Structures are given as structure tokens and as C-alpha cells.
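One structure below.
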Amino acid sequence: MNKAFLQYTLRAIAWAIYGALAVGIVWGVVLLVQVQGPVYFAQAVVDGIKLGFVYALIALGYTMVYGIVRLINFAHGDVFMVGAFSSYYAITQHGWGFIPAILLSMVVCTLLNVVIERVAYKPLRNAPRIAALITAIGVSFFLEYFTALKWVFGADFITYRRPFEVVVWNVGGVLITNITVIIAITATVLLLVLQYIVRNTKVGKAMRATALDKPTSRLMGIDVDGIISLTFAFGAALAGAGGVLYAIAFPQIWTFMGLMPGLKAFVAAVLGGIGNIAGAFIGSLLMGSIDVLVVSFVPTGSRLRDLFAFFVLIVVFLVKPTGIMGEPQVEKV
Amino acid sequence: MRRRLIIPSWIPTLVVAVGLYWVVSYANSTARITPYWYSVIQLAAITAVSALGLNLIYGFNGQFSLGHVGFYAIGAYGSALITKDFVGKWSGGQFSALSWIMAGQAGILVVLFVAQGIRLGAIRKALRAALDSFMKGHEAWTLVTLVSLALVAFALAVGVAFTWALQRGFLFLLENAIVALPETAAQGIIFLLGLLNGGTMAALIAYLVGLPLLRLSSDYFGIATLGFAIMVYTALQNSDMVIATMKGARGMVAIPRWTTWAWVYVALGLSVIVMRNLIWSSQGRAIMSVREDETAAKLMGIDIAQQKAIAFAIGGFFAGLAGGLYAHLFGFLHPSSFNFIKGFDPLIIIVFGGLGSMTGTIVASALFALVIEGLRVVLPQGFEDWRFVIYPVLLLIIMLVRQQGLLGTTEWGWLRAPLPPERAVPAPAPVVSRTGVSEAKDV
């Protein structure tokens, strides 16, 4: 048996496997589409992207804060909850419209997060990182249980009143509501603004420098503490907007509502490569799509969706330990 | 010349340990504490066992794990399956959970051994090197993966065959023998085996999960283990689809309530002894060296992956053991007792007690229970909801005031690092002062 023959046979086997995999994937997708019809599939994708945009707004706060202070800010999901509640009060009790309500939520969340940062995280800037993480968990508990008190928000589920009428468009069988459109537009606008700030302004440059190297940035005359506060502020503003949009899409709010979306958004940020804004966006859309596709297509999927979401996370980690768009970590000696 | 009496450090430790045991048993037997507080104390000790495991993983080995509660849950459900099955035997059920669980674990071990025996890693490497010379990298990878999948399938087949043979050929006899014993003796043996199986199940799963995940660096590992814990939680919520008696989201009921203070205390004591002897052995130094500096440890010839996996598995064992005790304390298991928020409890305890301090972990477990339950008593009527408002505030204050935790890395009594064995020290030379007059003469 000569070597060339062996070589070609083996390569042929490898390519046969590729072919089989490709056929299998295409066949799987076709089967998936055929089970319930293409319209059902398209509907699931649209809903998944809607959820993904909301995740993206939360994920950005996580990813920015992590990028700068290497802190998993577990309280972020609860800031998101406060955003949803403040718009609820503005809308139901004061009759505010959508845009004023979302702006109010952003302002409230910004103030809240800056206060949290000053009180709970700043004194621990030079402590071991785990201390700040524990305080983050503490702040998260505090926000959840404090707002669940009777005279704050209360511990019950509250039905959220949307500030506008729901309009449904039928695009070839796929139902697209104006909620989806508003979420997509708002999220995209906010993301572009953020991207512009981080990329093109002096503040953004200072943020990137702080993320890279804090002592050097300080030597270069950057107000590092101010930049860190600003990062928390930006993240909270996005989370506040996300809270309003989430409540509009899924109109039931309670004080523990931030827990799972917050965690999913964080996982989405990690999935995309933490510290990376585009990565957080991609990871969030992926996460939202997985969520809805699992619910739509897997039998008893609504009970198993978290299993799939985290399974995907672990698989991505095993293939690329720093996430989809994360840069490989350099090991320093 | 007076000799100073040196008390060996184990004596005060033993006195405190026995005293603690006696105080609680006495208080319970004379009804000085309500059954409620009795179970709170037991729960605190159980939490201490689990937290010791996490301290081994995070405090001593430096691997930031958020998924400890997953192993706790595995241990709880695993042991509950065994004991519940045993109790069901008296009402005409088929007692086979013990043998199947034991055989299944043995089967997994066999799979690991076979994979190691056929030198999977070496085969992959050699094949890769041979193929790389005449085909593209990804083609070679695909072929190697194909071959290793086939080998893994072979190992799995051997493992399944072994499991089946073990249960059918031997372990069911063990079950029959236990059932034939008088009821109280059988009960004790089954409880012990159930607890141990809960621990080993958790350890085995920790090892299998840790093998791939421990390559990740700190925060990524934390998130991956958090993901694992949530997967366990979701799986438990849907467990009734696979095993009916686990009842899924409705909660597993009718687990025998066999956990007593004696069981809990012995488990805690053994855990502490094992931990202490492990930490201050050469194995323990290897585990700690990974925390200090992986690169330096590697240079000293320490197999980092191995040390991480060992620490993770042992920590998982403690969690599983604690889970088993928890399951038999209240006789009722619900997945929501194991959600990821509960998973923060052991983390908070070990950070509060001091990372890398066994004494700190035990003290902090007690204080944690005292704070959580004490607030229930202290708060006036109508303010019960404030419990979890005050608790995080306390947490915040403690973290702001004492970042290194209650005890830092200090230990107490017998738990301290043992002194090196005494050697015959030559008598000290007399200290000569500058004036040349010996100062040692007045001793």
C-alpha cells in the first residue's frame, strides 16, 4: 500500500465526515422548519431576536463594568428591575408617555448605580476581588428584599400597563408587533450611541485606557475613579431602558424579575467575550434566540430552556475559553 | 530550671469538640432548645461540612467555584433515592437503588480506567503527529476525533457491561444481605451507605465536570460552574421525566428523617480531620501551590490539572455528604432549595470566615445560621420581611470593615499547621555579650 493512496483515502474519509455533518445540519434545520412550518420558525426567530435585544441592553452594563473593574456586578439585574418599576409608576400614576418614562428609568437607574458604586464597591477597590463580589451579592439581595417590602414596591406580581396600544402586523404569516419594532429601534439607537461614545469621544478613550491599565491611565492624568463611576452610570442607563422594554414585552413585573434575565444577560456577555461591546451584542442575540427556539421546538422546552442555554455556554467555553469574540488571554509570569 | 509544660494542641480542641457535642445533645434531651433550634444547629453543622469543601476548592486551591450547590443537590438526591428505596422495601417495593447507584459509579470509574488504560491521550497525540505530516490540520483533527470517539464508545461499552454485571452478579446480594439484618442495624448501614454514595456521586461528577472546565481561568471557571449548578437545578425540576420517585418540581417527599445531631457531628468531625490532615500533607502543599502561582507550581513539577481535579472532587465529596445529611434532616427535598442563590451561601460563609481557614469556615457557618435565624427572633412582629434587608446590610458592613474575613488564614488549636518533628537540637552556645561576660550563667 503506497503512501499516496493512504493519504488520499484518509483525506477522503475526513471530507466524507464533513459532508455528512453538513448534510446532517441542513437536514436538521429543514426538519425543524418542517415540523411546524416555516412561519412558525420565522416567528420563533423574530421573538428570539426581540428577547435578545433586551438581553443586549443588560449585557452591555455587565460587560463594561467587568471590562473596567473585573467585577461581576450581580446587582445589575436588580437595577434593571428598578428601571421597570420606576417606569411603571410614571406610566400608571402620572400618565407619562413611553419616551419620558424610559428617560426617567434611565436617570433613576443611573443615580442608583452610581450610589451603589460609591457606597459598596469604591471602598473595596484595592481589596481582594472576592470581597467586592460578595458585596455585589449583598447589594443584589438588598435591592430585591428591600423593594419587596410592603411600602416600597411590594412582593406581588404587578401587571404592567403599556404606554401605547399594541399594533400587530402580519408579514406573510409572521406576527410582528410594534413592541418588537420599538425594542429593536431603541436598543439599536442606544447601542450605537454607546459605541460612538466609547470609540470616538475623549471619555470613551479614557474608558478604554482605564480598562487596559489603571495605574498608567492615572499617570496620564485620567480621573480613574470618575471614569469608573461613569461606566457604572452608562451601564445602569442601558439597564434601565432594558427594564422598561422588558416590562413592555412581558408585562408582569415583580421585585425578583431581574434575577434570571440578569444572569442570562451576563452569560450572554461572557458568551460573546466579556469586555467586548460587539461580543455582548452578538452573545445576547444568540442567547435570546436559543431561549425562544428551545421553548418553541423542544418538547417541554419551556421547562428545559435554562439547561440548553447553559449547555451552550459550557460548549462555547470548551471550544473557545474566552468567548466568541474574546481575545485569548496572555499568561503572564 | 523549670520545664514549661507544653499542652499538645489536640487536647483543647478535643475538649471543645466534645463539649460542643455534649452541650447540644444535653440541651436537646432536656428540651432546653426547641426542635426548631435543634434543626437549625444541625443545619449549621451540615452547612459547615459543605463550606469546608468549598474552602478546599476556592480557599486552598484557588479555583473560584459558584457551582457548589450543584454537588450539594446531587448528594442530597442521590442519598435520598437510596434510603427512600430502602424504606419502600418494607411496603413491598423493589429495593435496587443502592446496588444500581453503586454499580453505576463503579462503571464510570471503569470507563475512566479503560480510557486511561488504552492511553487515549497518547494515541491522540501520536495519531495527530503522524497525520499532520501529510494532511491539513483540520482534517487530521477530524480523523483523530473520530478515532477517539470510537475509543470512548468502546470504554463506555465496557463500563456499561461492567455496571450491569456488577449489579446482577454481586451487589444485589449485598442488598439482600442488608435487608436480612435486624431493622435498626440495616437502617444504620443503609444511611451510612446512602451518605457515602451521595458523597462519591458528587465527587465523581465533580471530577468529570472539572476535567474539562478546570482549564478555564478564574472568573470563567466561576461562570461555567454556575452554569453547571443551574443545569443541575433545571434537571432536578424535570427529574420526574426520568425517575418518577424524584417528583421533579413538586418536590421529593417521604425521605426517612434519620439525620440526628450525632450523625451530623460525626460527619463534621471526620470532615475536619480529613481536611486538616490533607491540607498539612505534601498533597495539601501541592494543592495550595496551585493557588499561589500556577506557573511556579508547574516548574516545581506539580501536575496542576491533577491537583485541581483532586481538590474539586474532594470538595464535591464534602458537598455531597452534606447534601445527604440535609436530605434526611427534613425528609423533603425541593429543587428550589438548590437554586443558584442558595449557592452563594457557602461562598459567603467561606469569605466571611476567611479564605483558607478551616476554623474560620466552621465559626462562620455557626454565625451565619445564628444571624439568619436570630433575626427571625430579634425582629418585632410585622417586621419579618426585614430579615433579608438587614442581612445584606450586615454582609456589606462586614466586607467593608474586614475584607480578609473573620480569621484571615489563621487556624486554631489542632487545626494549625503541625510543627515539624522535633530533632535533637544541640545545646545553645552561651550568648556572649559585647563585654565578653557570659549572660547565660544566671539561667
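Quick note on naming: the chains in the C-alpha cells go A, B, ... in the order shown, residues restart at 1 in each chain, and ligands are numbered from 1 in order of appearance.
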Dump as JSON lines the rows for residues of region 86-170 of chain A within 7 Å of region 230-251 of chain A: closest atom pair and distance in Å with one decimal, only C-alpha atoms counted, ordered by chain and rising residue number.
{"residue": "A:Ser87", "atom": "CA", "partner": "A:Val244", "partner_atom": "CA", "distance": 6.4}
{"residue": "A:Ile102", "atom": "CA", "partner": "A:Ala241", "partner_atom": "CA", "distance": 5.7}
{"residue": "A:Ser105", "atom": "CA", "partner": "A:Gly240", "partner_atom": "CA", "distance": 5.2}
{"residue": "A:Met106", "atom": "CA", "partner": "A:Ala237", "partner_atom": "CA", "distance": 4.3}
{"residue": "A:Val107", "atom": "CA", "partner": "A:Ala237", "partner_atom": "CA", "distance": 6.6}
{"residue": "A:Cys109", "atom": "CA", "partner": "A:Ala236", "partner_atom": "CA", "distance": 5.3}
{"residue": "A:Thr110", "atom": "CA", "partner": "A:Ala233", "partner_atom": "CA", "distance": 4.7}
{"residue": "A:Asn113", "atom": "CA", "partner": "A:Ala236", "partner_atom": "CA", "distance": 6.0}
{"residue": "A:Val114", "atom": "CA", "partner": "A:Ala233", "partner_atom": "CA", "distance": 5.9}
{"residue": "A:Thr159", "atom": "CA", "partner": "A:Pro251", "partner_atom": "CA", "distance": 5.9}
{"residue": "A:Tyr160", "atom": "CA", "partner": "A:Pro251", "partner_atom": "CA", "distance": 4.7}
{"residue": "A:Arg162", "atom": "CA", "partner": "A:Ile248", "partner_atom": "CA", "distance": 5.8}
Within 9 Å of chain A: each chain B residue with its shortest pair, only C-alpha atoms, as a Markdown table:
| residue | atom | partner | partner_atom | distance |
| --- | --- | --- | --- | --- |
| B:Leu131 | CA | A:Gln7 | CA | 8.7 |
| B:Phe134 | CA | A:Gln7 | CA | 6.8 |
| B:Met135 | CA | A:Arg11 | CA | 7.0 |
| B:Lys136 | CA | A:Arg11 | CA | 8.7 |
| B:His138 | CA | A:Ala14 | CA | 8.8 |
| B:Glu139 | CA | A:Ala14 | CA | 5.6 |
| B:Ala140 | CA | A:Ala14 | CA | 7.7 |
| B:Trp141 | CA | A:Ala14 | CA | 9.0 |
| B:Thr142 | CA | A:Ala14 | CA | 6.2 |
| B:Leu143 | CA | A:Ala14 | CA | 6.0 |
| B:Pro212 | CA | A:Leu318 | CA | 7.1 |
| B:Leu213 | CA | A:Leu318 | CA | 7.2 |
| B:Arg215 | CA | A:Pro321 | CA | 8.4 |
| B:Leu216 | CA | A:Pro321 | CA | 6.2 |
| B:Ser217 | CA | A:Pro321 | CA | 8.3 |
| B:Asp219 | CA | A:Ile72 | CA | 8.6 |
| B:Tyr220 | CA | A:Pro321 | CA | 7.6 |
| B:Ile223 | CA | A:Val267 | CA | 7.6 |
| B:Ala224 | CA | A:Ile314 | CA | 6.0 |
| B:Thr225 | CA | A:Ile314 | CA | 8.9 |
| B:Leu226 | CA | A:Phe310 | CA | 8.8 |
| B:Gly227 | CA | A:Phe310 | CA | 5.2 |
| B:Phe228 | CA | A:Phe310 | CA | 7.3 |
| B:Ile230 | CA | A:Leu307 | CA | 7.1 |
| B:Met231 | CA | A:Leu307 | CA | 4.8 |
| B:Val232 | CA | A:Leu307 | CA | 8.1 |
| B:Tyr233 | CA | A:Leu307 | CA | 8.6 |
| B:Thr234 | CA | A:Leu307 | CA | 6.0 |
| B:Ala235 | CA | A:Leu307 | CA | 7.2 |
| B:Gln237 | CA | A:Arg303 | CA | 8.0 |
| B:Asn238 | CA | A:Arg303 | CA | 7.3 |
| B:Asp293 | CA | A:Val333 | CA | 9.0 |
| B:Thr295 | CA | A:Val333 | CA | 6.8 |
| B:Ala296 | CA | A:Val333 | CA | 8.5 |
| B:Phe344 | CA | A:Ile137 | CA | 8.1 |
| B:Leu347 | CA | A:Ile134 | CA | 8.3 |
| B:Ile348 | CA | A:Ile134 | CA | 6.6 |
| B:Val351 | CA | A:Ala131 | CA | 7.5 |
| B:Asp385 | CA | A:Leu149 | CA | 6.6 |
| B:Trp386 | CA | A:Phe146 | CA | 7.5 |
| B:Arg387 | CA | A:Tyr145 | CA | 8.6 |
| B:Phe388 | CA | A:Tyr145 | CA | 5.9 |
| B:Val389 | CA | A:Phe142 | CA | 5.3 |
| B:Ile390 | CA | A:Phe142 | CA | 7.9 |
| B:Tyr391 | CA | A:Phe142 | CA | 8.1 |
| B:Pro392 | CA | A:Gly138 | CA | 4.5 |
| B:Val393 | CA | A:Gly138 | CA | 7.1 |
| B:Leu394 | CA | A:Gly138 | CA | 8.7 |
| B:Leu395 | CA | A:Gly138 | CA | 6.3 |
| B:Leu396 | CA | A:Thr135 | CA | 5.4 |
| B:Ile397 | CA | A:Thr135 | CA | 8.9 |
| B:Met399 | CA | A:Ala131 | CA | 6.1 |
| B:Leu400 | CA | A:Leu124 | CA | 6.9 |
| B:Gln403 | CA | A:Ala131 | CA | 6.0 |
| B:Gln404 | CA | A:Pro128 | CA | 7.9 |
| B:Gly405 | CA | A:Ala131 | CA | 8.8 |
Dump C-alpha atoms for the selected residues as a PDB file, in the first residue's frame?
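Saved to selection-v6.pdb:
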ATOM      1  CA  LEU B 131      -1.373  12.588  10.246  1.00  0.00           C
ATOM      2  CA  PHE B 134       0.564  14.767   5.082  1.00  0.00           C
ATOM      3  CA  MET B 135      -2.793  16.463   5.525  1.00  0.00           C
ATOM      4  CA  LYS B 136      -4.290  19.733   6.658  1.00  0.00           C
ATOM      5  CA  HIS B 138      -8.426  20.330  10.477  1.00  0.00           C
ATOM      6  CA  GLU B 139      -8.568  17.101   8.503  1.00  0.00           C
ATOM      7  CA  ALA B 140      -6.186  15.480  10.917  1.00  0.00           C
ATOM      8  CA  TRP B 141      -8.227  16.823  13.849  1.00  0.00           C
ATOM      9  CA  THR B 142     -11.399  15.341  12.402  1.00  0.00           C
ATOM     10  CA  LEU B 143      -9.858  11.922  11.944  1.00  0.00           C
ATOM     11  CA  PRO B 212     -12.599  19.907  31.054  1.00  0.00           C
ATOM     12  CA  LEU B 213     -13.716  23.026  32.956  1.00  0.00           C
ATOM     13  CA  ARG B 215      -8.659  24.645  32.265  1.00  0.00           C
ATOM     14  CA  LEU B 216     -10.654  27.878  32.341  1.00  0.00           C
ATOM     15  CA  SER B 217      -9.209  30.819  34.184  1.00  0.00           C
ATOM     16  CA  ASP B 219     -13.905  34.062  36.538  1.00  0.00           C
ATOM     17  CA  TYR B 220     -14.691  31.950  33.503  1.00  0.00           C
ATOM     18  CA  ILE B 223     -19.383  31.209  35.435  1.00  0.00           C
ATOM     19  CA  ALA B 224     -19.063  27.729  33.973  1.00  0.00           C
ATOM     20  CA  THR B 225     -19.665  26.145  37.372  1.00  0.00           C
ATOM     21  CA  LEU B 226     -22.587  28.496  37.948  1.00  0.00           C
ATOM     22  CA  GLY B 227     -23.924  27.218  34.635  1.00  0.00           C
ATOM     23  CA  PHE B 228     -23.421  23.673  35.893  1.00  0.00           C
ATOM     24  CA  ILE B 230     -28.233  25.879  37.080  1.00  0.00           C
ATOM     25  CA  MET B 231     -28.202  22.858  34.796  1.00  0.00           C
ATOM     26  CA  VAL B 232     -28.433  20.588  37.819  1.00  0.00           C
ATOM     27  CA  TYR B 233     -31.278  22.700  39.171  1.00  0.00           C
ATOM     28  CA  THR B 234     -33.187  22.576  35.895  1.00  0.00           C
ATOM     29  CA  ALA B 235     -32.561  18.860  35.584  1.00  0.00           C
ATOM     30  CA  GLN B 237     -37.020  20.303  38.275  1.00  0.00           C
ATOM     31  CA  ASN B 238     -37.643  17.899  35.428  1.00  0.00           C
ATOM     32  CA  ASP B 293       1.243  30.563  41.459  1.00  0.00           C
ATOM     33  CA  THR B 295       3.491  28.680  36.706  1.00  0.00           C
ATOM     34  CA  ALA B 296       5.830  28.316  39.653  1.00  0.00           C
ATOM     35  CA  PHE B 344     -23.969  31.819  47.305  1.00  0.00           C
ATOM     36  CA  LEU B 347     -19.311  31.223  49.269  1.00  0.00           C
ATOM     37  CA  ILE B 348     -20.392  33.972  51.648  1.00  0.00           C
ATOM     38  CA  VAL B 351     -15.247  34.534  52.516  1.00  0.00           C
ATOM     39  CA  ASP B 385     -39.759  40.832  55.919  1.00  0.00           C
ATOM     40  CA  TRP B 386     -36.834  42.926  57.077  1.00  0.00           C
ATOM     41  CA  ARG B 387     -34.734  39.852  57.698  1.00  0.00           C
ATOM     42  CA  PHE B 388     -33.230  39.784  54.244  1.00  0.00           C
ATOM     43  CA  VAL B 389     -32.914  43.548  54.216  1.00  0.00           C
ATOM     44  CA  ILE B 390     -30.779  43.605  57.336  1.00  0.00           C
ATOM     45  CA  TYR B 391     -28.750  40.548  56.421  1.00  0.00           C
ATOM     46  CA  PRO B 392     -27.217  42.048  53.244  1.00  0.00           C
ATOM     47  CA  VAL B 393     -26.521  45.274  55.096  1.00  0.00           C
ATOM     48  CA  LEU B 394     -24.598  43.279  57.706  1.00  0.00           C
ATOM     49  CA  LEU B 395     -22.801  41.488  54.910  1.00  0.00           C
ATOM     50  CA  LEU B 396     -21.851  44.811  53.361  1.00  0.00           C
ATOM     51  CA  ILE B 397     -20.588  46.240  56.627  1.00  0.00           C
ATOM     52  CA  MET B 399     -16.980  43.186  53.941  1.00  0.00           C
ATOM     53  CA  LEU B 400     -16.173  46.883  54.199  1.00  0.00           C
ATOM     54  CA  GLN B 403     -12.001  42.329  53.781  1.00  0.00           C
ATOM     55  CA  GLN B 404      -9.818  39.353  54.649  1.00  0.00           C
ATOM     56  CA  GLY B 405     -12.667  37.698  56.543  1.00  0.00           C
TER      57      GLY B 405
END
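With only C-alpha atoms taken into account, the protein and nucleic acid residues at most 9 Å from region 285-289 of chain B (excluding it and anything under 3 positions from it in its own chain) are Leu56, Gly59, Phe60, Asn61, Gly62, Leu278, Ile279, Trp280, Ser281, Ser282, Glu292, Asp293, Glu294, Ala296, Ala297, Ile302, Asp303, Ile304, Gln307, Lys308, Ile310 and Ala311 of chain B.
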Which residues are close to Gln93 (chain A), i.e. within 12 Å by only C-alpha atoms, leaving aside same-chain residues fewer than 6 positions away? Reply as a ChimeraX atom specification.
/A:85-87,101,160-161,163
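For the pair CA of Ile228 (chain A) and CA of Val115 (chain A), the separation is 12.3 Å.
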Using DSSP on the backbone coordinates, identify all residues within region 105-218 of chain A classified as helix (DSSP H, G or I); present the result as an MDAnalysis selection string.
chainID A and resid 105:124 129:147 178:200 202:212 214:218
Would you kindly return, as JSON, numbers by chain, each protein, DNA or RNA residue with an atom no farther than 8 Å from any atom of region 94-99 of chain A, considering only C-alpha atoms and excluding same-chain residues fewer than 4 positions away?
{"A": [89, 90, 103, 163, 164]}
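With only C-alpha atoms taken into account, the protein and nucleic acid residues at most 12 Å from region 14-16 of chain B (excluding it and anything under 2 positions from it in its own chain) are Pro8, Ser9, Trp10, Ile11, Pro12, Val18, Gly19, Leu20, Tyr21, Trp22, Val23, Gly269, Ile273, Trp412, Gly413, Trp414 and Leu415 of chain B.
Residues with any atom within 8 Å of Thr259 (chain B), counting only C-alpha atoms and excluding same-chain neighbours fewer than 5 positions away, are Val264, Leu325, Tyr326, His328 and Leu329 of chain B.
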Preceding selection exported with N, CA and C atoms as an mmCIF file, in the first residue's frame:
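Contents of part-v6.cif, freshly written:
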data_model
loop_
_atom_site.group_PDB
_atom_site.id
_atom_site.type_symbol
_atom_site.label_atom_id
_atom_site.label_comp_id
_atom_site.auth_asym_id
_atom_site.auth_seq_id
_atom_site.Cartn_x
_atom_site.Cartn_y
_atom_site.Cartn_z
ATOM 1 N N VAL B 264 -24.655 14.130 62.272
ATOM 2 C CA VAL B 264 -24.133 15.375 61.707
ATOM 3 C C VAL B 264 -22.776 15.695 62.306
ATOM 4 N N LEU B 325 -26.957 14.548 54.323
ATOM 5 C CA LEU B 325 -27.442 14.829 55.683
ATOM 6 C C LEU B 325 -28.639 15.773 55.639
ATOM 7 N N TYR B 326 -28.546 16.766 54.752
ATOM 8 C CA TYR B 326 -29.647 17.726 54.632
ATOM 9 C C TYR B 326 -30.928 17.016 54.205
ATOM 10 N N HIS B 328 -31.946 14.081 54.751
ATOM 11 C CA HIS B 328 -32.588 13.276 55.786
ATOM 12 C C HIS B 328 -32.902 14.073 57.043
ATOM 13 N N LEU B 329 -32.625 15.381 56.989
ATOM 14 C CA LEU B 329 -32.938 16.218 58.140
ATOM 15 C C LEU B 329 -34.421 16.590 58.144
#
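Going from CA of Pro100 (chain A) to CA of Ala268 (chain A) covers 28.9 Å.
Of note, CA of Ala211 (chain A) and CA of Gly67 (chain A) are spaced 5.8 Å apart.
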Between A:Val54, A:Val152, A:Ser229, A:Glu327, which one has atoms that come closest to Leu111 (chain A), using only C-alpha atoms?
A:Ser229
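In this comparison, which uses only C-alpha atoms, the residue of A:Leu51, A:Leu21, A:Ala42, A:Val79 approaching Gly288 (chain A) most closely is A:Leu51.
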